[in-house]
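Below: start.cif (mmCIF, C-alpha atoms)
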```cif
data_target
#
loop_
_atom_site.label_atom_id
_atom_site.label_comp_id
_atom_site.auth_asym_id
_atom_site.auth_seq_id
_atom_site.Cartn_x
_atom_site.Cartn_y
_atom_site.Cartn_z
CA MET S 12 -126.62 68.92 -58.22
CA THR S 13 -123.58 66.77 -57.71
CA ILE S 14 -123.60 63.25 -58.96
CA ILE S 15 -121.29 61.03 -56.97
CA THR S 16 -119.78 58.24 -59.01
CA THR S 17 -118.50 55.20 -57.24
CA VAL S 18 -116.09 52.66 -58.64
CA VAL S 19 -117.47 49.27 -57.67
CA LYS S 20 -114.51 46.93 -57.31
CA VAL S 21 -114.71 43.28 -58.22
CA GLY S 22 -112.12 40.94 -56.70
CA ILE S 23 -110.75 37.67 -58.00
CA ALA S 24 -113.47 35.03 -58.27
CA ASP S 25 -116.03 37.68 -57.37
CA LEU S 26 -118.95 39.43 -59.06
CA GLN S 27 -120.88 42.66 -58.56
CA VAL S 28 -123.87 44.45 -60.04
CA ALA S 29 -124.10 48.26 -60.26
CA GLN S 30 -126.29 51.05 -61.64
CA VAL S 31 -125.50 54.32 -63.45
CA PRO S 32 -123.60 56.51 -62.77
CA ASN S 33 -121.27 54.05 -61.13
CA THR S 34 -118.50 52.11 -62.84
CA LEU S 35 -117.40 48.50 -62.38
CA LYS S 36 -113.73 47.66 -62.16
CA THR S 37 -111.54 44.60 -61.79
CA SER S 38 -107.74 44.66 -61.67
CA GLY S 39 -104.92 42.51 -62.98
CA LEU S 40 -106.71 40.00 -65.18
CA GLY S 41 -104.20 37.50 -66.53
CA SER S 42 -105.59 34.16 -67.56
CA CYS S 43 -108.80 35.16 -65.77
CA VAL S 44 -111.62 36.65 -67.84
CA GLY S 45 -113.65 39.72 -66.94
CA VAL S 46 -117.24 39.39 -68.16
CA VAL S 47 -119.47 42.44 -68.33
CA ILE S 48 -123.18 41.87 -68.91
CA TYR S 49 -125.15 45.07 -69.28
CA GLU S 50 -128.35 46.79 -70.24
CA GLN S 51 -129.00 50.53 -70.43
CA LYS S 52 -128.66 51.48 -66.79
CA VAL S 53 -127.57 48.32 -65.04
CA ALA S 54 -124.46 46.20 -65.45
CA GLY S 55 -122.75 43.28 -63.82
CA LEU S 56 -119.12 42.24 -63.84
CA ALA S 57 -117.71 38.79 -63.04
CA HIS S 58 -114.01 37.95 -62.59
CA VAL S 59 -113.89 34.36 -63.81
CA MET S 60 -110.91 32.24 -62.87
CA LEU S 61 -111.56 28.73 -64.17
CA PRO S 62 -113.67 27.36 -67.01
CA ASP S 63 -115.66 24.54 -65.48
CA SER S 64 -117.09 23.94 -62.01
CA THR S 65 -117.70 20.26 -62.68
CA ALA S 66 -113.92 19.71 -62.93
CA SER S 67 -113.49 20.85 -59.34
CA LYS S 68 -111.97 18.34 -56.98
CA LYS S 69 -114.01 19.70 -54.12
CA SER S 70 -117.74 19.40 -53.62
CA ILE S 71 -118.32 22.83 -52.13
CA VAL S 72 -117.34 25.30 -54.77
CA ASN S 73 -117.21 29.05 -54.92
CA GLU S 74 -119.72 29.60 -57.70
CA MET S 75 -118.17 32.93 -58.61
CA LYS S 76 -114.90 31.24 -59.59
CA TYR S 77 -116.08 29.29 -62.64
CA ALA S 78 -117.32 30.46 -66.04
CA ASP S 79 -120.40 28.24 -66.03
CA THR S 80 -121.72 28.97 -62.53
CA SER S 81 -120.54 32.57 -62.32
CA ILE S 82 -122.38 33.74 -65.43
CA ASP S 83 -125.59 32.02 -64.27
CA LEU S 84 -125.28 33.74 -60.91
CA LEU S 85 -124.56 37.13 -62.46
CA LEU S 86 -127.57 36.78 -64.73
CA GLU S 87 -129.77 35.83 -61.80
CA GLN S 88 -128.71 38.98 -59.94
CA LEU S 89 -129.25 41.17 -62.99
CA LEU S 90 -132.76 39.78 -63.46
CA THR S 91 -133.68 40.66 -59.89
CA GLU S 92 -132.70 44.25 -60.81
CA GLY S 93 -135.50 44.14 -63.37
CA VAL S 94 -133.45 43.99 -66.56
CA CYS S 95 -134.94 42.61 -69.74
CA LYS S 96 -133.01 39.50 -70.64
CA SER S 97 -133.41 39.95 -74.39
CA LYS S 98 -131.78 43.39 -74.21
CA LEU S 99 -128.64 42.22 -72.42
CA LYS S 100 -125.24 42.51 -74.12
CA ALA S 101 -121.78 41.43 -73.09
CA LYS S 102 -118.19 42.59 -73.35
CA ILE S 103 -115.26 40.47 -72.26
CA ALA S 104 -111.52 40.90 -71.69
CA GLY S 105 -108.63 38.82 -70.36
CA GLY S 106 -107.79 35.18 -71.01
CA ALA S 107 -104.12 35.89 -71.56
CA HIS S 108 -101.30 33.39 -71.68
CA MET S 109 -98.86 34.97 -69.24
CA PHE S 110 -95.98 32.56 -69.68
CA SER S 111 -94.43 31.47 -72.93
CA PHE S 112 -93.05 28.08 -72.03
CA GLN S 113 -94.30 24.94 -73.60
CA SER S 114 -95.78 22.44 -71.26
CA ASP S 115 -98.06 19.46 -71.20
CA ASN S 116 -99.71 21.04 -68.23
CA ASN S 117 -103.19 21.93 -69.35
CA MET S 118 -103.50 24.56 -66.63
CA LEU S 119 -101.07 26.79 -68.50
CA LYS S 120 -103.51 27.09 -71.40
CA ILE S 121 -106.25 28.09 -69.02
CA GLY S 122 -106.70 31.59 -70.49
CA GLN S 123 -107.93 30.31 -73.81
CA ARG S 124 -110.13 27.71 -72.14
CA ASN S 125 -111.64 30.39 -69.92
CA VAL S 126 -112.52 32.52 -72.96
CA GLU S 127 -114.09 29.55 -74.74
CA ALA S 128 -116.13 28.62 -71.68
CA VAL S 129 -117.35 32.19 -71.21
CA LEU S 130 -118.34 32.55 -74.87
CA ALA S 131 -120.17 29.20 -74.80
CA LYS S 132 -122.11 30.18 -71.69
CA LEU S 133 -123.07 33.58 -73.12
CA LYS S 134 -124.21 31.90 -76.33
CA GLU S 135 -126.31 29.47 -74.31
CA HIS S 136 -128.09 32.45 -72.76
CA LYS S 137 -128.31 34.17 -76.18
CA ILE S 138 -126.41 37.21 -74.95
CA PRO S 139 -124.52 38.81 -77.85
CA VAL S 140 -120.85 39.65 -77.30
CA ILE S 141 -120.45 43.23 -78.54
CA ALA S 142 -116.70 43.53 -78.01
CA GLN S 143 -113.78 41.51 -76.71
CA ASP S 144 -110.08 41.97 -76.00
CA VAL S 145 -108.72 38.54 -75.18
CA GLY S 146 -105.59 36.44 -75.44
CA GLY S 147 -102.05 37.70 -75.85
CA ASN S 148 -99.57 37.68 -72.99
CA LYS S 149 -100.48 40.79 -71.05
CA GLY S 150 -102.28 41.60 -67.86
CA ARG S 151 -105.37 43.78 -68.08
CA THR S 152 -107.28 46.04 -65.74
CA ILE S 153 -110.80 46.79 -66.93
CA GLU S 154 -113.37 49.41 -65.97
CA PHE S 155 -116.89 49.52 -67.37
CA ASN S 156 -118.78 52.79 -67.66
CA ILE S 157 -122.47 51.87 -67.45
CA GLU S 158 -123.59 55.25 -68.74
CA THR S 159 -121.64 55.04 -72.00
CA GLY S 160 -121.41 51.26 -72.31
CA MET S 161 -117.67 51.57 -72.90
CA LEU S 162 -115.17 49.14 -71.45
CA GLU S 163 -111.75 50.62 -70.75
CA VAL S 164 -108.87 48.13 -70.93
CA ARG S 165 -105.56 49.18 -69.35
CA THR S 166 -102.30 47.30 -69.82
CA VAL S 167 -98.73 47.87 -68.68
CA ASN S 168 -97.09 47.88 -72.11
CA SER S 169 -99.84 48.39 -74.66
CA GLY S 170 -101.51 51.41 -73.09
CA VAL S 171 -105.24 52.01 -72.70
CA MET S 172 -108.03 51.24 -75.13
CA GLN S 173 -111.80 51.49 -75.18
CA ILE S 174 -113.87 48.66 -76.53
CA MET D 30 -105.79 17.54 -49.28
CA ALA D 31 -104.32 19.42 -46.36
CA ASN D 32 -106.84 21.31 -44.31
CA MET D 33 -105.42 24.63 -43.35
CA GLU D 34 -107.52 24.82 -40.21
CA ASN D 35 -105.61 21.80 -38.95
CA LEU D 36 -102.16 23.32 -39.29
CA SER D 37 -100.42 23.22 -35.94
CA GLN D 38 -97.52 25.34 -34.76
CA GLN D 39 -95.30 22.38 -35.55
CA HIS D 40 -96.51 22.29 -39.14
CA LEU D 41 -95.87 26.00 -39.51
CA ASP D 42 -92.39 25.62 -38.05
CA VAL D 43 -91.63 22.86 -40.54
CA LEU D 44 -92.78 25.03 -43.44
CA LYS D 45 -90.63 27.91 -42.15
CA GLU D 46 -87.66 25.61 -42.01
CA VAL D 47 -88.33 24.54 -45.58
CA GLY D 48 -88.22 28.20 -46.61
CA ASN D 49 -85.11 28.74 -44.50
CA ILE D 50 -83.17 25.93 -46.12
CA GLY D 51 -84.18 26.81 -49.67
CA ALA D 52 -83.78 30.55 -49.53
CA GLY D 53 -80.58 30.25 -47.47
CA ASN D 54 -79.00 28.33 -50.27
CA ALA D 55 -80.27 30.80 -52.86
CA ALA D 56 -78.93 33.71 -50.80
CA THR D 57 -75.50 32.08 -50.73
CA ALA D 58 -75.64 31.64 -54.50
CA LEU D 59 -76.61 35.28 -55.05
CA SER D 60 -73.92 36.38 -52.64
CA SER D 61 -71.21 34.62 -54.65
CA LEU D 62 -72.66 35.88 -57.96
CA LEU D 63 -72.48 39.49 -56.80
CA GLY D 64 -69.47 39.23 -54.52
CA LYS D 65 -71.52 40.87 -51.77
CA LYS D 66 -72.99 39.77 -48.51
CA ILE D 67 -76.65 38.88 -48.85
CA ASP D 68 -78.92 38.66 -45.84
CA MET D 69 -81.98 36.54 -45.51
CA SER D 70 -85.00 37.23 -43.35
CA VAL D 71 -86.86 34.65 -41.33
CA PRO D 72 -89.38 33.07 -43.68
CA SER D 73 -92.97 33.94 -43.07
CA ILE D 74 -95.95 31.72 -43.65
CA GLN D 75 -99.07 33.37 -44.96
CA ILE D 76 -102.37 31.63 -45.33
CA VAL D 77 -104.30 34.02 -47.54
CA ASP D 78 -107.15 34.06 -49.98
CA PHE D 79 -106.31 35.17 -53.49
CA ASN D 80 -107.41 38.76 -52.99
CA GLU D 81 -105.40 39.06 -49.77
CA LEU D 82 -102.35 37.72 -51.58
CA MET D 83 -102.56 40.57 -54.09
CA GLU D 84 -102.69 43.12 -51.26
CA TYR D 85 -99.68 41.37 -49.72
CA VAL D 86 -97.58 42.08 -52.82
CA GLY D 87 -98.74 45.70 -53.08
CA GLY D 88 -102.07 45.37 -54.88
CA PRO D 89 -103.27 43.52 -57.98
CA GLU D 90 -101.98 46.20 -60.36
CA GLN D 91 -98.53 46.49 -58.80
CA ILE D 92 -95.94 46.00 -61.54
CA ILE D 93 -93.52 43.22 -60.68
CA VAL D 94 -90.62 41.46 -62.36
CA SER D 95 -91.09 37.78 -61.74
CA VAL D 96 -89.24 34.60 -62.48
CA PHE D 97 -91.79 31.82 -62.42
CA LEU D 98 -91.31 28.11 -62.60
CA ARG D 99 -93.34 25.04 -61.87
CA ILE D 100 -91.91 22.45 -59.53
CA GLN D 101 -92.39 18.94 -60.81
CA GLY D 102 -91.81 15.70 -59.00
CA GLU D 103 -93.15 14.25 -55.77
CA ALA D 104 -94.29 17.53 -54.24
CA PRO D 105 -95.36 19.77 -57.13
CA GLY D 106 -95.95 23.45 -56.74
CA SER D 107 -95.14 26.88 -58.08
CA MET D 108 -92.23 29.11 -57.30
CA PHE D 109 -91.75 32.81 -57.88
CA PHE D 110 -88.72 35.03 -57.45
CA VAL D 111 -90.20 38.52 -57.36
CA LEU D 112 -88.43 41.87 -57.68
CA SER D 113 -89.65 45.41 -58.18
CA PRO D 114 -88.63 46.86 -61.60
CA GLU D 115 -86.13 49.16 -59.81
CA GLU D 116 -84.55 46.26 -57.94
CA ALA D 117 -84.38 44.17 -61.11
CA THR D 118 -82.67 47.05 -62.94
CA SER D 119 -80.15 47.44 -60.16
CA LEU D 120 -79.48 43.70 -60.05
CA VAL D 121 -78.85 43.58 -63.79
CA GLU D 122 -76.47 46.54 -63.58
CA GLN D 123 -74.49 44.96 -60.78
CA LEU D 124 -74.19 41.67 -62.61
CA THR D 125 -73.53 42.74 -66.16
CA GLY D 126 -71.99 46.17 -65.64
CA THR D 127 -74.33 47.50 -68.32
CA SER D 128 -77.51 49.49 -68.00
CA GLY D 129 -80.55 47.55 -66.98
CA ASP D 130 -82.91 50.37 -67.96
CA ASP D 131 -86.18 49.75 -69.80
CA ILE D 132 -86.01 46.25 -68.55
CA GLY D 133 -89.05 45.11 -70.52
CA GLU D 134 -87.48 46.14 -73.84
CA ASN D 135 -83.96 45.08 -72.96
CA ASP D 136 -83.12 41.55 -74.12
CA LEU D 137 -79.84 41.40 -72.24
CA ALA D 138 -81.54 42.45 -69.02
CA ILE D 139 -84.29 39.86 -69.43
CA SER D 140 -81.73 37.21 -70.20
CA ALA D 141 -79.71 38.16 -67.11
CA ILE D 142 -82.80 38.07 -64.89
CA SER D 143 -83.76 34.72 -66.32
CA GLU D 144 -80.30 33.34 -65.60
CA ILE D 145 -80.31 34.72 -62.06
CA GLY D 146 -83.74 33.22 -61.54
CA ASN D 147 -82.49 29.92 -62.87
CA ILE D 148 -79.50 29.83 -60.55
CA LEU D 149 -81.37 31.02 -57.48
CA SER D 150 -84.42 28.84 -57.87
CA GLY D 151 -82.23 25.87 -58.78
CA SER D 152 -80.21 26.27 -55.60
CA TYR D 153 -83.38 26.82 -53.59
CA LEU D 154 -84.93 23.64 -54.90
CA SER D 155 -81.87 21.45 -54.71
CA ALA D 156 -81.42 22.37 -51.04
CA LEU D 157 -85.06 21.60 -50.45
CA SER D 158 -84.78 18.32 -52.28
CA ASP D 159 -81.70 17.28 -50.28
CA PHE D 160 -83.29 18.32 -47.01
CA THR D 161 -86.55 16.48 -47.55
CA SER D 162 -85.30 13.64 -49.77
CA ILE D 163 -88.22 14.53 -52.03
CA ASN D 164 -87.53 14.38 -55.74
CA LEU D 165 -88.14 17.86 -57.20
CA GLN D 166 -87.32 19.23 -60.63
CA PRO D 167 -87.83 22.78 -61.82
CA THR D 168 -89.23 23.64 -65.24
CA VAL D 169 -87.40 26.23 -67.33
CA PRO D 170 -87.96 29.58 -65.64
CA ASN D 171 -90.06 32.25 -67.27
CA VAL D 172 -89.50 35.96 -66.84
CA THR D 173 -92.58 38.17 -66.91
CA ILE D 174 -93.01 41.86 -66.17
CA ASP D 175 -96.62 42.76 -65.65
CA MET D 176 -99.35 43.31 -63.06
CA ALA D 177 -98.92 41.19 -59.94
CA ALA D 178 -102.39 39.61 -60.08
CA ALA D 179 -102.03 38.62 -63.73
CA ILE D 180 -98.73 36.87 -63.03
CA LEU D 181 -99.35 35.31 -59.62
CA MET D 182 -102.77 33.90 -60.45
CA GLN D 183 -101.16 31.68 -63.04
CA GLY D 184 -99.12 30.09 -60.27
CA LEU D 185 -102.24 29.57 -58.20
CA LEU D 186 -104.28 27.68 -60.77
CA GLU D 187 -103.52 24.22 -59.40
CA ILE D 188 -104.41 25.39 -55.92
CA SER D 189 -107.53 27.17 -57.10
CA GLN D 190 -109.10 23.94 -58.27
CA GLU D 191 -109.34 22.81 -54.67
CA SER D 192 -109.23 25.87 -52.53
CA ASP D 193 -109.72 29.61 -52.27
CA TYR D 194 -106.66 29.89 -50.04
CA ALA D 195 -102.96 29.51 -50.63
CA ILE D 196 -100.17 28.80 -48.17
CA ILE D 197 -97.26 31.01 -49.16
CA ILE D 198 -93.79 30.46 -47.82
CA ASP D 199 -92.18 33.86 -48.31
CA THR D 200 -88.51 34.60 -47.74
CA MET D 201 -86.90 37.94 -48.43
CA ILE D 202 -83.26 38.27 -49.32
CA GLU D 203 -81.44 41.57 -49.38
CA GLU D 204 -78.03 43.06 -49.36
CA GLU D 205 -76.51 43.24 -45.92
CA GLU D 206 -75.43 46.86 -46.14
CA GLN D 207 -78.24 48.90 -47.51
CA SER D 208 -77.06 51.25 -50.22
CA ASN D 209 -78.63 52.97 -53.19
CA GLU D 210 -77.96 49.86 -55.20
CA SER D 211 -79.29 47.38 -52.71
CA VAL D 212 -80.80 44.19 -53.99
CA LYS D 213 -83.98 42.86 -52.49
CA GLY D 214 -86.16 40.03 -53.68
CA HIS D 215 -88.86 37.69 -52.48
CA PHE D 216 -89.09 33.97 -52.93
CA PHE D 217 -92.64 32.66 -52.91
CA LEU D 218 -93.02 28.93 -52.62
CA LEU D 219 -96.57 27.79 -53.30
CA PRO D 220 -96.92 24.04 -52.86
CA ASP D 221 -99.91 22.43 -54.53
CA PRO D 222 -102.46 21.24 -51.93
CA ASP D 223 -101.47 17.58 -52.07
CA SER D 224 -97.79 18.42 -51.62
CA PHE D 225 -98.13 19.45 -47.99
CA ASP D 226 -98.75 15.90 -46.83
CA GLU D 227 -95.74 14.81 -48.87
CA ILE D 228 -93.52 17.43 -47.22
CA PHE D 229 -94.76 16.65 -43.71
CA LYS D 230 -94.37 12.93 -44.26
CA ALA D 231 -90.82 13.35 -45.54
CA LEU D 232 -89.87 15.41 -42.50
CA GLY D 233 -91.47 13.06 -40.01
CA VAL D 234 -94.24 15.39 -38.92
CA GLU D 235 -97.70 14.10 -38.22
CA GLU D 236 -99.73 14.39 -41.39
CA LEU D 237 -102.82 16.54 -41.63
#
```
Before anything else, please render the file you have as structure tokens.
Amino acid sequence: MTIITTVVKVGIADLQVAQVPNTLKTSGLGSCVGVVIYEQKVAGLAHVMLPDSTASKKSIVNEMKYADTSIDLLLEQLLTEGVCKSKLKAKIAGGAHMFSFQSDNNMLKIGQRNVEAVLAKLKEHKIPVIAQDVGGNKGRTIEFNIETGMLEVRTVNSGVMQI
Amino acid sequence: MANMENLSQQHLDVLKEVGNIGAGNAATALSSLLGKKIDMSVPSIQIVDFNELMEYVGGPEQIIVSVFLRIQGEAPGSMFFVLSPEEATSLVEQLTGTSGDDIGENDLAISAISEIGNILSGSYLSALSDFTSINLQPTVPNVTIDMAAAILMQGLLEISQESDYAIIIDTMIEEEEQSNESVKGHFFLLPDPDSFDEIFKALGVEEL
């Protein structure tokens, strides 16, 4: 029997849910944060861009773009897959600070704010964060293997690691 | 904020001209730096969502050398001068006469790229500022070598608060006679949403 594994790709300000034996992948996280929420056989991945939907200047927002709304939405989708909420765990990566210059512009510290917002939202839902690779000044591509529960983090200069 | 659905051909032509003026000046500056003739393509205007933008530059994981700066003043925005690592290496070699290899680990190379970015973006912006009579100042440029999505998204943060689309004014400059050592780079001008009205107003075009 051949098992066909598909890589489910998640774009910027996007989210997807997948089952074993598939993997979930999102590419080129900078200040954005990749949030994986998983159980034994099901996992979801959100590519969060901004911390707070209420700060949006527009009334119609893309809910997948913000930490607060995106994690709610991802959880909702996972629950319709029949997961047990108390068994869910999370792994996160990203939230880098790509540029080194000093500025009063708050948007340049967005990576850190994204991480804080994601952690606060996960805490609110009582989902434990098992592993994280955040901050620094590097881009990250992440791929989550639902079968093993391992998150692979690839960077240009610091190689590949599993968390 | 400018509604992209309302952009007319005239608006697009104005934005192209903005790219023409800015990048033309930068091409002249690069030409005198290198002592070579530098050509400039007709600017293109892309209205793309963030994921499309990444495909436009060769995919989110494409490694790019970028000089990034924020434009401050009456029409704020972001600006990128983007090269491939090979092109950046070649540019450094032509300018300094020393090897531009291992560009990420090479302080001299990074410093040279930063200086080129400074000169080129400065001449781009000053031409734009003269042309539009809009007061624009660049921040100190920042050189980053990493995945395209990780770098470019940082320049899109202001836009992302209001929209899922960006209007990119892209101009390519390259050496006139293609050789093994040809230089090729892209200027991306990404005005913040509110800046479009400012630009159109300054140039006497009907506002959106």
- Step by step, work through what the PyMOL selection byres ((chain S and resi 12-24) around 10) selects in the shown file, and finish by giving those residues as a PyMOL selection string. (chain S and resi 25-40+43-45+55-61+73-78+81+154-156) or (chain D and resi 78-81+83+89+178+182+189+193)
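CA of Ile74 (chain D) sits 19.2 Å away from CA of Ala231 (chain D).
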- Message: Here's a test: counting all atoms listed in the file, identify every protein, DNA and RNA residue with an atom at most 8 Å from (-108.7, 50.0, -70.3) in the file's coordinate frame, and state them as an MDAnalysis selection string.
- Response: chainID S and resid 151:154 162:166 170:173
- Query: Applied to the shown file, which residues does the PyMOL selection byres ((chain D) within 8 of (chain S)) return, written as a list in words?
  - Reply: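 So the PyMOL selection byres ((chain D) within 8 of (chain S)), applied here, picks out Phe79, Asn80, Pro89, Glu90, Ile92, Val169, Asn171, Val172, Thr173, Asp175, Met176, Ala177, Ala178, Ala179, Ile180, Met182, Gln183, Leu186, Glu187, Gln190, Glu191, Ser192 and Asp193 of chain D.
The set of residues that the PyMOL selection byres ((chain D and resi 234) around 12) takes from this file is D:Leu36, D:Ser37, D:Gln38, D:Gln39, D:His40, D:Leu41, D:Asp42, D:Val43, D:Leu44, D:Thr161, D:Phe225, D:Asp226, D:Glu227, D:Ile228, D:Phe229, D:Lys230, D:Ala231, D:Leu232, D:Gly233, D:Glu235, D:Glu236, D:Leu237.
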- Task: Name the closest residue to His215 (chain D) among the candidates D:Gly184, D:Gly133, D:Pro72, D:Gly102; distances are taken between atoms, counting all atoms listed in the file.
- Result: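 Result for the nearest residue to His215 (chain D): D:Pro72.
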- Gap from CA of Tyr49 (chain S) to CA of Lys100 (chain S) - Å, one decimal: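 One can read the CA of Tyr49 (chain S) to CA of Lys100 (chain S) distance as 5.5 Å.
Using only C-alpha atoms, the smallest distance between any of S:Ala104, S:Leu99, S:Val46, S:Leu84 and Ile138 (chain S) comes from S:Leu99.
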- Can you work out the spacing between CA of Val77 (chain D) and CA of Ser95 (chain D) in Å, to one decimal?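 These atoms are spaced 19.8 Å apart.
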- Query: Could you name the residues that touch Tyr153 (chain D) at 7 Å or less, counting all atoms listed in the file, but leaving out those on the same chain fewer than 3 positions away, as a VMD selection string?
  - Reply: chain D and resid 51 to 52 54 to 55 149 to 150 156 to 157
- Task: Could you give me, as a list in words, the residues within 12 Å of Ile139 (chain D), counting only C-alpha atoms and dropping anything in the same chain fewer than 6 positions from it?
- Result: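 Here the answer would be Val94, Ser95, Val96, Pro114, Ala117, Thr118, Leu120, Val121, Glu122, Thr125, Ser128, Gly129, Asp130, Asp131, Ile132, Gly133, Ile145, Gly146, Pro170, Asn171, Val172, Thr173 and Ile174 of chain D.
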Output C-alpha atoms for every residue in the selection just made, as a CSV table (one decimal), in the coordinates of the input.
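Result went into again.csv, see below:
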```
chain,number,residue,atom,x,y,z
D,94,VAL,CA,-90.6,41.5,-62.4
D,95,SER,CA,-91.1,37.8,-61.7
D,96,VAL,CA,-89.2,34.6,-62.5
D,114,PRO,CA,-88.6,46.9,-61.6
D,117,ALA,CA,-84.4,44.2,-61.1
D,118,THR,CA,-82.7,47.0,-62.9
D,120,LEU,CA,-79.5,43.7,-60.0
D,121,VAL,CA,-78.8,43.6,-63.8
D,122,GLU,CA,-76.5,46.5,-63.6
D,125,THR,CA,-73.5,42.7,-66.2
D,128,SER,CA,-77.5,49.5,-68.0
D,129,GLY,CA,-80.6,47.6,-67.0
D,130,ASP,CA,-82.9,50.4,-68.0
D,131,ASP,CA,-86.2,49.8,-69.8
D,132,ILE,CA,-86.0,46.2,-68.6
D,133,GLY,CA,-89.0,45.1,-70.5
D,145,ILE,CA,-80.3,34.7,-62.1
D,146,GLY,CA,-83.7,33.2,-61.5
D,170,PRO,CA,-88.0,29.6,-65.6
D,171,ASN,CA,-90.1,32.2,-67.3
D,172,VAL,CA,-89.5,36.0,-66.8
D,173,THR,CA,-92.6,38.2,-66.9
D,174,ILE,CA,-93.0,41.9,-66.2
```
